[in-house]
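Chemist: So here's model23.txt, just compact mmCIF, C-alpha atoms and all ligand atoms:
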# COMPACT_ATOMS: atom_id res chain seq x y z
CA MET E 179 8.14 -4.01 28.81
CA ARG E 180 5.89 -1.90 26.64
CA SER E 181 2.77 -2.87 24.79
CA VAL E 182 2.66 -2.78 21.01
CA GLU E 183 0.64 0.46 21.12
CA GLU E 184 2.99 2.16 23.58
CA ALA E 185 5.98 1.21 21.47
CA LEU E 186 4.33 2.36 18.27
CA ASP E 187 3.37 5.69 19.87
CA ALA E 188 7.01 6.22 20.87
CA ILE E 189 8.30 5.28 17.41
CA LEU E 190 5.82 7.56 15.62
CA ALA E 191 6.15 10.43 18.08
CA ASP E 192 8.44 12.61 16.04
CA VAL E 193 8.56 11.64 12.37
CA ARG E 194 9.89 13.89 9.63
CA LEU E 195 8.10 13.78 6.29
CA THR E 196 10.33 13.14 3.31
CA GLY E 197 10.73 15.89 0.72
CA VAL E 198 8.72 16.34 -2.45
CA GLU E 199 9.69 15.53 -6.01
CA THR E 200 7.80 15.75 -9.30
CA VAL E 201 7.16 12.62 -11.35
CA SER E 202 5.41 12.24 -14.68
CA LEU E 203 1.98 10.69 -14.54
CA ASP E 204 3.12 7.49 -16.22
CA ARG E 205 5.66 6.92 -13.42
CA CYS E 206 3.52 7.87 -10.44
CA ALA E 207 1.68 4.61 -9.67
CA GLY E 208 2.46 3.42 -6.17
CA ARG E 209 3.85 6.81 -5.16
CA VAL E 210 2.30 8.94 -2.45
CA PRO E 211 1.15 12.38 -3.56
CA ALA E 212 2.32 15.34 -1.48
CA THR E 213 -1.30 16.45 -1.28
CA PHE E 214 -4.41 14.34 -1.70
CA THR E 215 -6.63 17.21 -2.85
CA PHE E 216 -6.69 18.54 -6.40
CA ALA E 217 -8.83 21.42 -7.70
CA ALA E 218 -10.39 20.74 -11.09
CA ALA E 219 -9.47 23.46 -13.59
CA GLY E 220 -12.28 22.49 -15.95
CA HIS E 221 -15.19 20.11 -16.37
CA VAL E 222 -14.51 16.39 -16.74
CA PRO E 223 -15.61 15.52 -19.36
CA PRO E 224 -15.12 18.97 -20.86
CA PHE E 225 -18.17 18.80 -23.20
CA ASP E 226 -21.50 16.98 -23.54
CA ASN E 227 -20.82 13.77 -25.46
CA SER E 228 -22.40 10.55 -26.58
CA ALA E 229 -22.33 7.41 -24.45
CA MET E 230 -23.19 5.24 -27.46
CA ASP E 231 -22.56 4.70 -31.14
CA GLY E 232 -25.86 5.75 -32.72
CA PHE E 233 -27.77 8.82 -33.77
CA ALA E 234 -27.99 12.21 -32.12
CA VAL E 235 -31.60 13.40 -32.32
CA ARG E 236 -34.08 15.88 -30.91
CA SER E 237 -36.17 13.83 -28.47
CA ALA E 238 -39.27 15.78 -29.52
CA ASP E 239 -38.89 14.28 -33.04
CA ALA E 240 -38.93 10.68 -31.83
CA PRO E 241 -40.42 8.30 -32.70
CA GLY E 242 -40.07 9.12 -36.37
CA ARG E 243 -38.14 9.00 -39.58
CA LEU E 244 -35.28 11.51 -39.57
CA ARG E 245 -32.87 12.75 -42.22
CA VAL E 246 -29.22 11.86 -41.50
CA MET E 247 -27.24 15.06 -42.06
CA GLY E 248 -23.73 13.86 -41.35
CA GLU E 249 -21.47 12.21 -38.82
CA VAL E 250 -19.43 13.15 -35.73
CA ALA E 251 -16.69 10.85 -34.53
CA ALA E 252 -14.81 10.99 -31.21
CA GLY E 253 -12.24 13.76 -31.45
CA SER E 254 -14.14 15.49 -34.24
CA ALA E 255 -14.50 19.24 -33.96
CA GLU E 256 -17.28 19.32 -36.54
CA GLN E 257 -20.44 21.08 -35.36
CA TRP E 258 -23.49 19.79 -37.19
CA HIS E 259 -26.59 21.57 -36.07
CA VAL E 260 -29.48 19.14 -35.66
CA GLY E 261 -32.67 20.80 -36.74
CA SER E 262 -36.23 19.54 -36.60
CA GLY E 263 -36.64 16.20 -38.44
CA GLU E 264 -32.88 15.72 -38.57
CA ALA E 265 -30.34 13.35 -37.04
CA VAL E 266 -26.55 13.07 -37.02
CA ARG E 267 -24.67 9.81 -36.88
CA ILE E 268 -22.55 9.88 -33.72
CA MET E 269 -19.84 7.75 -32.12
CA THR E 270 -19.13 7.11 -28.44
CA GLY E 271 -17.24 10.06 -26.97
CA ALA E 272 -18.06 12.42 -29.83
CA PRO E 273 -19.35 15.86 -28.85
CA MET E 274 -23.14 16.22 -28.93
CA PRO E 275 -24.14 18.29 -31.95
CA PRO E 276 -25.97 21.49 -31.04
CA GLY E 277 -29.74 21.05 -31.28
CA ALA E 278 -29.70 17.34 -30.39
CA ASP E 279 -30.66 16.31 -26.86
CA ALA E 280 -30.60 12.50 -26.96
CA VAL E 281 -28.80 9.59 -28.57
CA VAL E 282 -30.52 6.55 -30.07
CA PRO E 283 -28.12 3.57 -30.05
CA ILE E 284 -27.39 2.08 -33.45
CA GLU E 285 -28.96 -1.22 -32.31
CA ASP E 286 -32.34 0.53 -31.83
CA ALA E 287 -32.29 2.49 -35.11
CA ARG E 288 -32.97 1.43 -38.70
CA GLU E 289 -31.01 3.28 -41.32
CA THR E 290 -32.22 3.30 -44.91
CA GLY E 291 -30.49 5.49 -47.49
CA ASP E 292 -30.04 8.95 -46.00
CA ALA E 293 -32.81 8.48 -43.43
CA VAL E 294 -33.09 6.71 -40.08
CA GLU E 295 -36.10 5.34 -38.26
CA VAL E 296 -35.85 5.89 -34.47
CA PRO E 297 -38.08 4.84 -31.55
CA ALA E 298 -39.24 7.20 -28.79
CA VAL E 299 -36.36 8.44 -26.68
CA ALA E 300 -36.33 10.53 -23.50
CA GLN E 301 -34.40 13.77 -23.38
CA GLY E 302 -30.82 13.24 -22.19
CA THR E 303 -30.71 9.54 -23.04
CA TYR E 304 -27.12 8.36 -23.57
CA VAL E 305 -25.81 11.90 -23.25
CA ARG E 306 -22.88 12.29 -20.85
CA LYS E 307 -23.12 15.83 -19.58
CA ALA E 308 -20.02 18.02 -19.33
CA GLY E 309 -18.73 17.77 -15.73
CA HIS E 310 -20.71 14.67 -14.86
CA ASP E 311 -17.55 13.10 -13.40
CA THR E 312 -16.03 16.30 -11.96
CA ARG E 313 -17.26 19.90 -12.09
CA ALA E 314 -14.88 22.75 -12.82
CA GLY E 315 -13.62 24.17 -9.52
CA GLU E 316 -14.59 21.06 -7.59
CA VAL E 317 -11.97 19.83 -5.11
CA VAL E 318 -11.18 16.20 -5.76
CA GLU E 319 -10.05 14.34 -2.68
CA LEU E 320 -8.12 11.14 -3.29
CA ALA E 321 -7.78 8.40 -0.68
CA ALA E 322 -4.69 8.97 1.49
CA GLU E 323 -2.90 5.93 0.08
CA PRO E 324 -0.31 5.34 -2.65
CA LEU E 325 -1.69 6.16 -6.09
CA GLY E 326 -3.48 3.22 -7.70
CA PRO E 327 -4.52 2.88 -11.34
CA ALA E 328 -7.91 4.57 -10.87
CA ALA E 329 -6.40 7.51 -8.97
CA VAL E 330 -3.83 7.92 -11.77
CA ALA E 331 -6.70 8.00 -14.28
CA VAL E 332 -8.46 10.70 -12.24
CA LEU E 333 -5.30 12.83 -12.24
CA ALA E 334 -4.98 12.38 -16.00
CA SER E 335 -8.63 13.35 -16.49
CA LEU E 336 -8.00 16.50 -14.45
CA GLY E 337 -5.35 17.46 -16.98
CA LEU E 338 -2.22 16.75 -14.96
CA GLY E 339 0.89 15.57 -16.79
CA SER E 340 2.92 15.20 -13.62
CA VAL E 341 2.31 15.07 -9.91
CA GLU E 342 4.25 16.04 -6.81
CA VAL E 343 4.97 12.99 -4.66
CA ARG E 344 6.90 12.31 -1.48
CA ARG E 345 10.40 11.02 -1.99
CA ARG E 346 10.53 7.34 -1.01
CA PRO E 347 12.07 7.04 2.47
CA ARG E 348 15.61 5.68 2.13
CA VAL E 349 15.95 2.75 4.48
CA ALA E 350 19.21 0.90 5.00
CA ILE E 351 19.21 -2.72 6.15
CA LEU E 352 22.06 -4.09 8.21
CA SER E 353 22.25 -7.78 9.06
CA THR E 354 24.50 -8.65 11.96
CA GLY E 355 25.79 -12.05 13.04
CA ASP E 356 29.00 -14.06 12.77
CA GLU E 357 27.04 -17.00 11.34
CA LEU E 358 25.63 -15.13 8.34
CA ARG E 359 26.71 -15.63 4.75
CA ALA E 360 25.43 -14.03 1.58
CA PRO E 361 22.40 -15.59 -0.09
CA GLY E 362 23.65 -18.24 -2.49
CA ALA E 363 27.06 -18.60 -0.81
CA GLU E 364 28.59 -21.95 0.20
CA LEU E 365 28.14 -22.60 3.90
CA ALA E 366 30.68 -24.01 6.33
CA HIS E 367 29.49 -25.80 9.44
CA GLY E 368 27.71 -23.39 11.78
CA GLN E 369 26.85 -20.88 9.09
CA ILE E 370 23.46 -19.90 7.65
CA HIS E 371 22.28 -17.74 4.81
CA ASP E 372 21.30 -14.17 5.58
CA ALA E 373 17.54 -14.17 5.13
CA ASN E 374 16.84 -10.84 6.82
CA GLY E 375 18.83 -8.66 4.43
CA PRO E 376 16.77 -9.50 1.35
CA SER E 377 13.49 -10.07 3.20
CA LEU E 378 13.58 -6.75 5.06
CA ALA E 379 14.60 -4.96 1.87
CA ALA E 380 11.51 -6.46 0.23
CA ALA E 381 9.37 -5.32 3.17
CA VAL E 382 10.79 -1.81 2.87
CA GLU E 383 9.89 -1.62 -0.82
CA ASP E 384 6.45 -3.04 -0.07
CA ALA E 385 5.88 -0.31 2.51
CA GLY E 386 6.78 2.38 -0.04
CA GLY E 387 10.44 2.89 0.87
CA GLU E 388 13.69 2.51 -1.03
CA ALA E 389 15.94 -0.16 0.45
CA THR E 390 19.71 -0.36 0.52
CA ILE E 391 21.33 -3.49 1.92
CA LEU E 392 24.52 -2.56 3.77
CA PRO E 393 27.50 -4.91 3.90
CA ARG E 394 26.82 -7.50 6.61
CA VAL E 395 28.81 -7.33 9.81
CA GLY E 396 29.67 -9.95 12.41
CA ASP E 397 28.94 -9.79 16.11
CA ASP E 398 31.56 -7.15 16.57
CA ALA E 399 30.75 -3.91 18.38
CA ALA E 400 33.32 -1.83 16.51
CA ALA E 401 32.18 -3.06 13.09
CA ILE E 402 28.53 -2.48 13.96
CA GLU E 403 29.32 1.00 15.24
CA GLN E 404 31.22 1.86 12.08
CA GLN E 405 28.36 0.73 9.82
CA VAL E 406 25.72 2.49 11.91
CA ARG E 407 27.70 5.73 11.92
CA ALA E 408 28.23 5.58 8.17
CA ALA E 409 24.55 4.87 7.62
CA THR E 410 23.38 8.09 9.23
CA ARG E 411 24.30 10.03 6.10
CA GLN E 412 21.71 10.37 3.34
CA LEU E 413 19.20 8.08 4.99
CA ASP E 414 15.76 8.31 6.53
CA MET E 415 15.88 5.14 8.58
CA LEU E 416 18.18 2.32 9.59
CA VAL E 417 16.99 -1.21 10.30
CA VAL E 418 19.48 -3.51 12.01
CA SER E 419 18.66 -7.17 12.55
CA GLY E 420 20.23 -9.61 14.98
CA GLY E 421 22.38 -9.01 18.03
CA VAL E 422 19.75 -7.00 19.85
CA SER E 423 19.03 -9.50 22.63
CA VAL E 424 20.87 -10.29 25.86
CA GLY E 425 23.47 -12.79 24.62
CA ARG E 426 27.19 -12.27 25.19
CA HIS E 427 27.57 -11.47 21.49
CA ASP E 428 24.62 -9.08 21.18
CA HIS E 429 26.08 -5.60 20.72
CA VAL E 430 23.49 -3.63 18.76
CA ARG E 431 21.72 -2.14 21.75
CA ASP E 432 24.99 -1.14 23.41
CA VAL E 433 26.14 0.55 20.23
CA MET E 434 22.86 2.43 19.89
CA GLU E 435 23.06 3.55 23.49
CA ARG E 436 26.68 4.61 23.19
CA ILE E 437 26.58 6.58 19.94
CA GLY E 438 22.93 7.54 19.86
CA HIS E 439 19.83 7.47 21.97
CA LEU E 440 17.83 4.38 22.88
CA ASP E 441 14.13 5.17 23.29
CA LEU E 442 12.81 1.72 23.93
CA TRP E 443 13.82 -1.87 24.19
CA ARG E 444 11.69 -4.99 24.58
CA ILE E 445 8.03 -5.15 23.71
CA ARG E 446 5.28 -7.46 24.95
CA VAL E 447 4.90 -9.03 21.54
CA GLN E 448 5.31 -12.54 20.16
CA PRO E 449 7.29 -12.95 18.03
CA GLY E 450 9.70 -10.08 18.55
CA LYS E 451 10.26 -9.27 22.21
CA PRO E 452 13.83 -7.92 21.98
CA LEU E 453 13.17 -4.92 19.76
CA ALA E 454 15.16 -1.71 20.15
CA TYR E 455 14.26 1.72 18.83
CA GLY E 456 16.22 4.92 19.06
CA THR E 457 18.09 7.51 17.06
CA VAL E 458 21.69 7.81 15.95
CA ASN E 459 22.65 11.31 14.80
CA GLY E 460 18.93 11.96 14.50
CA LEU E 461 18.40 8.92 12.27
CA PRO E 462 15.51 6.69 13.40
CA THR E 463 17.10 3.29 14.04
CA LEU E 464 15.28 0.05 14.68
CA GLY E 465 17.05 -2.99 16.06
CA LEU E 466 15.00 -6.03 15.14
CA PRO E 467 15.42 -9.54 16.52
CA GLY E 468 17.46 -11.82 14.26
CA ASN E 469 15.00 -14.67 13.93
CA PRO E 470 13.64 -14.13 10.43
CA VAL E 471 9.97 -14.43 11.41
CA SER E 472 10.44 -12.03 14.35
CA ALA E 473 12.28 -9.61 12.09
CA LEU E 474 9.51 -9.57 9.48
CA VAL E 475 6.62 -9.44 11.94
CA THR E 476 8.19 -6.61 13.95
CA PHE E 477 8.97 -4.79 10.71
CA GLU E 478 5.29 -5.11 9.83
CA LEU E 479 4.17 -3.78 13.21
CA PHE E 480 6.71 -0.99 13.78
CA ALA E 481 8.81 -0.18 10.71
CA ARG E 482 6.06 -0.27 8.12
CA PRO E 483 3.96 2.36 9.93
CA LEU E 484 7.12 4.46 10.31
CA VAL E 485 7.91 4.32 6.58
CA ARG E 486 4.30 5.19 5.84
CA ARG E 487 4.30 8.07 8.31
CA MET E 488 7.36 9.53 6.56
CA LEU E 489 5.29 9.44 3.38
CA GLY E 490 2.38 11.24 5.04
CA LEU E 491 0.28 8.09 5.38
CA SER E 492 -1.24 6.69 8.54
CA GLY E 493 -1.61 3.16 9.82
CA THR E 494 -0.29 0.05 8.15
CA GLY E 495 -2.40 0.14 5.01
CA ARG E 496 -3.62 -3.33 5.97
CA VAL E 497 -7.11 -4.62 6.58
CA THR E 498 -8.02 -6.29 9.87
CA LEU E 499 -11.05 -8.56 9.93
CA PRO E 500 -12.54 -10.80 12.61
CA ALA E 501 -11.80 -14.50 12.08
CA MET E 502 -12.68 -17.53 14.17
CA ALA E 503 -9.81 -19.77 15.25
CA ALA E 504 -10.43 -23.20 13.75
CA ASP E 505 -8.03 -24.91 16.15
CA ARG E 506 -6.27 -24.15 19.40
CA MET E 507 -2.95 -22.34 18.95
CA PRO E 508 -0.85 -22.00 22.12
CA LYS E 509 1.19 -18.84 22.76
CA ASP E 510 3.15 -17.04 25.45
CA PRO E 511 0.49 -15.88 27.96
CA ASP E 512 2.44 -12.72 28.81
CA ARG E 513 2.65 -11.28 25.31
CA ARG E 514 0.30 -10.34 22.53
CA ALA E 515 0.82 -12.87 19.76
CA TYR E 516 0.68 -12.46 16.01
CA LEU E 517 0.16 -16.05 14.92
CA ARG E 518 0.81 -17.06 11.34
CA VAL E 519 -2.53 -18.27 10.01
CA ILE E 520 -4.40 -19.07 6.83
CA VAL E 521 -7.74 -17.31 6.72
CA THR E 522 -10.48 -18.84 4.60
CA ARG E 523 -14.20 -18.29 4.19
CA GLY E 524 -16.19 -20.61 6.48
CA SER E 525 -19.91 -21.13 6.81
CA ASN E 526 -20.12 -18.46 9.56
CA GLY E 527 -17.62 -15.95 8.27
CA LEU E 528 -13.84 -16.07 8.19
CA GLU E 529 -11.93 -18.91 9.81
CA ALA E 530 -8.25 -18.98 10.73
CA ARG E 531 -6.11 -22.07 11.05
CA SER E 532 -2.45 -22.29 11.87
CA ALA E 533 -0.21 -21.98 8.82
CA GLY E 534 2.31 -24.35 10.46
CA GLY E 535 4.83 -24.24 13.27
CA GLN E 536 4.74 -20.98 15.20
CA ALA E 537 8.44 -20.90 16.14
CA SER E 538 10.03 -17.62 15.10
CA SER E 539 12.69 -19.51 13.17
CA GLN E 540 10.11 -21.24 10.96
CA LEU E 541 9.86 -19.10 7.89
CA ARG E 542 7.69 -21.20 5.65
CA PRO E 543 4.50 -20.85 7.72
CA LEU E 544 4.89 -17.08 7.45
CA ALA E 545 5.35 -17.32 3.70
CA GLY E 546 2.27 -19.55 3.53
CA ALA E 547 0.15 -17.39 5.81
CA ASN E 548 -2.26 -14.77 4.50
CA ALA E 549 -2.85 -13.23 7.93
CA LEU E 550 -1.52 -12.69 11.42
CA LEU E 551 -4.04 -13.66 14.08
CA ILE E 552 -3.83 -11.20 16.96
CA VAL E 553 -4.25 -12.94 20.31
CA PRO E 554 -4.17 -10.65 23.37
CA ASP E 555 -1.66 -10.91 26.19
CA GLY E 556 -3.02 -12.56 29.32
CA GLU E 557 -4.29 -15.47 27.26
CA PRO E 558 -2.41 -18.77 26.91
CA ALA E 559 -3.70 -19.60 23.43
CA ALA E 560 -5.99 -18.78 20.59
CA GLU E 561 -8.94 -20.97 21.54
CA ALA E 562 -10.79 -22.94 18.89
CA GLY E 563 -14.17 -21.37 18.20
CA ARG E 564 -13.23 -17.93 19.49
CA THR E 565 -12.98 -14.91 17.24
CA TYR E 566 -9.86 -12.72 16.98
CA ASP E 567 -8.69 -9.90 14.77
CA ALA E 568 -6.80 -11.15 11.73
CA LEU E 569 -4.35 -8.71 10.14
CA LEU E 570 -4.56 -9.59 6.45
CA LEU E 571 -1.22 -9.81 4.65
CA GLY E 572 -2.57 -11.32 1.45
CA ALA E 573 -5.70 -12.27 -0.43
CA ILE E 574 -8.28 -14.67 0.98
CA GLY E 575 -8.44 -17.60 -1.44
P1 LIG T 601 19.97 -12.94 17.36
O1 LIG T 601 18.84 -11.98 17.31
O2 LIG T 601 21.24 -12.40 16.84
O3 LIG T 601 20.10 -13.53 18.72
O4 LIG T 601 19.58 -14.13 16.37
C1 LIG T 601 18.49 -14.98 16.66
C2 LIG T 601 18.43 -16.10 15.63
O5 LIG T 601 18.20 -15.54 14.36
C3 LIG T 601 19.73 -16.89 15.51
O6 LIG T 601 19.38 -18.25 15.31
C4 LIG T 601 20.39 -16.30 14.29
O7 LIG T 601 21.23 -17.22 13.64
C5 LIG T 601 19.19 -15.96 13.42
N1 LIG T 601 19.48 -14.84 12.54
C6 LIG T 601 20.02 -13.66 12.89
N2 LIG T 601 20.15 -12.87 11.81
C7 LIG T 601 19.69 -13.56 10.76
C8 LIG T 601 19.60 -13.29 9.38
N3 LIG T 601 19.98 -12.11 8.87
N4 LIG T 601 19.07 -14.23 8.57
C9 LIG T 601 18.69 -15.42 9.08
N5 LIG T 601 18.74 -15.74 10.37
C10 LIG T 601 19.26 -14.84 11.22
MG MG T 602 23.11 -13.24 16.89
Take the structure in the file and write it out as structure tokens.
Ligand code: AMP
Ligand code: MG

Modeler:
Amino acid sequence: MRSVEEALDAILADVRLTGVETVSLDRCAGRVPATFTFAAAGHVPPFDNSAMDGFAVRSADAPGRLRVMGEVAAGSAEQWHVGSGEAVRIMTGAPMPPGADAVVPIEDARETGDAVEVPAVAQGTYVRKAGHDTRAGEVVELAAEPLGPAAVAVLASLGLGSVEVRRRPRVAILSTGDELRAPGAELAHGQIHDANGPSLAAAVEDAGGEATILPRVGDDAAAIEQQVRAATRQLDMLVVSGGVSVGRHDHVRDVMERIGHLDLWRIRVQPGKPLAYGTVNGLPTLGLPGNPVSALVTFELFARPLVRRMLGLSGTGRVTLPAMAADRMPKDPDRRAYLRVIVTRGSNGLEARSAGGQASSQLRPLAGANALLIVPDGEPAAEAGRTYDALLLGAIG
């Protein structure tokens, strides 16, 4: 059985980046740019401008009583020249009039008739110099993550109307199991609702991919094979859940082996031991365990980094912080565990307590958890008072 790292190395060994498409700037949030560096064509801001509503003055004239010659508003192309003893009324963002070298905020000035009384002011006060955010020719390097609001604003300020982004990886989800029925359907005895279809689709979208849920299939090798074969067209990845273990009705691994190539099976991880990875017609295919918690946790550990790698991103995009176990949480000593925990701020840093039952069929503790506490293999439990890495899935309340 491989470790999490060994499995991840195998899965990420040979990943193809998705192609590039152009999107307008107002549709690019959350997308991953094809390059993270952008050369600035001009200064940002392009001209010296006022940081305040007030009066543009010559600092050498202040303090003093100055004649107000006119007004420049933001967007105005008017070019008042400020001579000695003169001032120009100015608004935030308006270009600095030639001759002026400082701005006195309106709150500090006293206007009477066509004159204004201003206090002493240092040269450059409340003047935003051209290029003070970005200089022309400067190479702007954005964080290698999906574009957030501030990054979008930077691109807009650089003058871009559109940006080249990676196509979202197309990931198909296939739930397998004779017991599964569609969400919302009436259940007969022995049947359950398919949780993995919608939950894995949500995880795909969250990772930056585009999910398609394939028609469910039962525990039937021929039906699974047919769906898997069909899926290899027009896709970047296939995620199958259920039927990957050693039961008499578990066919997914056999199908992968028969029509494709199985790179690995079984990982020393809890939850999620029976995980299969391979390729079918070159399509990366993950077989995840059917238990809904195992499916989501293994998606987090193995499929999410794969989706991100296809986008040109590294890692999981998650934050890991040390947190002290507040109570003892038993685990399988032979596997690394990812326990569902709630991390809160304690008096000595972060504390983690169990979010509920740790069985891989208990979904609600995962939904209630904001972190997975990583407890190494070789240890029988997370021990109260000891500190472990917590992989944050949500905000700390
Ligand atoms: P399997 O991996 O097929 O052995 O399934 C393990 C457990 O997960 C069984 O209790 C299944 O009923 C359950 N399971 C499998 N697939 C799903 C699914 N799509 N949604 C909810 N539970 C599932
Ligand atoms: Mg099954």

Chemist: Quick one: residues within 6 Å of ligand MG 602 (chain T), with all atoms listed in the file, as a ChimeraX atom specification?

Modeler: /E:355,420-421

Chemist: Considering only C-alpha atoms and all ligand atoms, state which residue in the set E:Ala238, E:Met488, E:Ile351, E:Val422 is at the smallest distance from ligand LIG 601 (chain T).

Modeler: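 Nearest candidate to ligand LIG 601 (chain T) out of E:Ala238, E:Met488, E:Ile351, E:Val422: E:Val422.
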
Chemist: Please provide as a PyMOL selection string all residues within 9 Å of region 467-479 of chain E, with the sequence filter that same-chain residues fewer than 3 positions apart are discarded (counting all atoms listed in the file).

Modeler: chain E and resi 182+186+353-355+373-374+377-378+381-382+385+417-423+447-454+464+482-483+494+516+537-541+544+550

Chemist: Within 9 Å of Phe214 (chain E), counting all atoms listed in the file, which residues show up once you throw out same-chain ones fewer than 6 positions away? Write them as an MDAnalysis selection string, please.

Modeler: chainID E and resid 318:323

Chemist: Between E:Ala298, E:Leu190, E:Val198, E:Met269, which residue has the minimum interatomic distance to Pro241 (chain E), considering only C-alpha atoms?

Modeler: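 Ranking E:Ala298, E:Leu190, E:Val198, E:Met269 by distance to Pro241 (chain E), first place goes to E:Ala298.
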
Chemist: Can you tell me which residues surround Glu316 (chain E) at a distance of at most 9 Å, considering all atoms listed in the file, apart from same-chain residues fewer than 6 positions away, and format the answer as a list in words?

Modeler: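 Selected residues are Phe216, Ala217, Ala218, Ala219, Gly220 and His221 of chain E.
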
Chemist: Within 9 Å of Gly460 (chain E), counting only C-alpha atoms, which residues show up once you throw out same-chain ones fewer than 6 positions away? Write them as a list in words, please.

Modeler: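 Once the nearby chain positions are removed, what remains is Thr410, Gly438 and His439 of chain E.
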
Chemist: Which one is closest to ligand LIG 601 (chain T): E:Ile370, E:Leu569, E:Leu413, E:Ala399? Count all atoms listed in the file.

Modeler: E:Ile370

Chemist: Quick one: of E:Glu557, E:Asp567, E:Asp239, E:Glu364, who's nearest to Ala501 (chain E), counting only C-alpha atoms?

Modeler: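 Looking only at the distances to Ala501 (chain E), the closest residue turns out to be E:Asp567.
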
Chemist: Using all atoms listed in the file, can you tell me which of E:Ser525, E:Thr498, E:Gln536, E:Asn227 comes closest to Gly572 (chain E)?

Modeler: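 Result for the nearest residue to Gly572 (chain E): E:Thr498.
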
Chemist: Please determine, counting all atoms listed in the file, which residue among E:Arg344, E:Arg446, E:Arg306, E:Arg243 has the shortest atom-to-atom distance to Val294 (chain E).

Modeler: E:Arg243

Chemist: Residues within 7 Å of Ala547 (chain E), please, as a PyMOL selection string. Count all atoms listed in the file; anything in the same chain fewer than 6 positions from it doesn't count.

Modeler: chain E and resi 518-520+533

Chemist: Please identify all polymer residues lying at most 7 Å from the point (-27.3, 5.5, -35.5) (file coordinates), using only C-alpha atoms, and present the result as a ChimeraX atom specification.

Modeler: /E:231-233,267-268,282-284,287

Chemist: In Å, how far is it from CA of Ala559 (chain E) to CA of Val521 (chain E)?

Modeler: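 A separation of 17.3 Å between them.
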
Chemist: Place a sphere of radius 8 Å on (-35.0, 7.1, -39.5) in the file coordinates and name every protein, DNA or RNA residue with an atom inside or on its surface, counting all atoms listed in the file; give the answer as a compact mmCIF listing (two decimals) with C-alpha atoms, keeping the file's coordinate frame.

Modeler:
# COMPACT_ATOMS: atom_id res chain seq x y z
CA GLY E 242 -40.07 9.12 -36.37
CA ARG E 243 -38.14 9.00 -39.58
CA LEU E 244 -35.28 11.51 -39.57
CA ARG E 245 -32.87 12.75 -42.22
CA VAL E 246 -29.22 11.86 -41.50
CA ALA E 287 -32.29 2.49 -35.11
CA ARG E 288 -32.97 1.43 -38.70
CA GLU E 289 -31.01 3.28 -41.32
CA THR E 290 -32.22 3.30 -44.91
CA ALA E 293 -32.81 8.48 -43.43
CA VAL E 294 -33.09 6.71 -40.08
CA GLU E 295 -36.10 5.34 -38.26
CA VAL E 296 -35.85 5.89 -34.47

Chemist: Take atom C6 of ligand LIG 601 (chain T) and CA of Ala408 (chain E) and report the distance between them in Å, one decimal.

Modeler: 21.4 Å
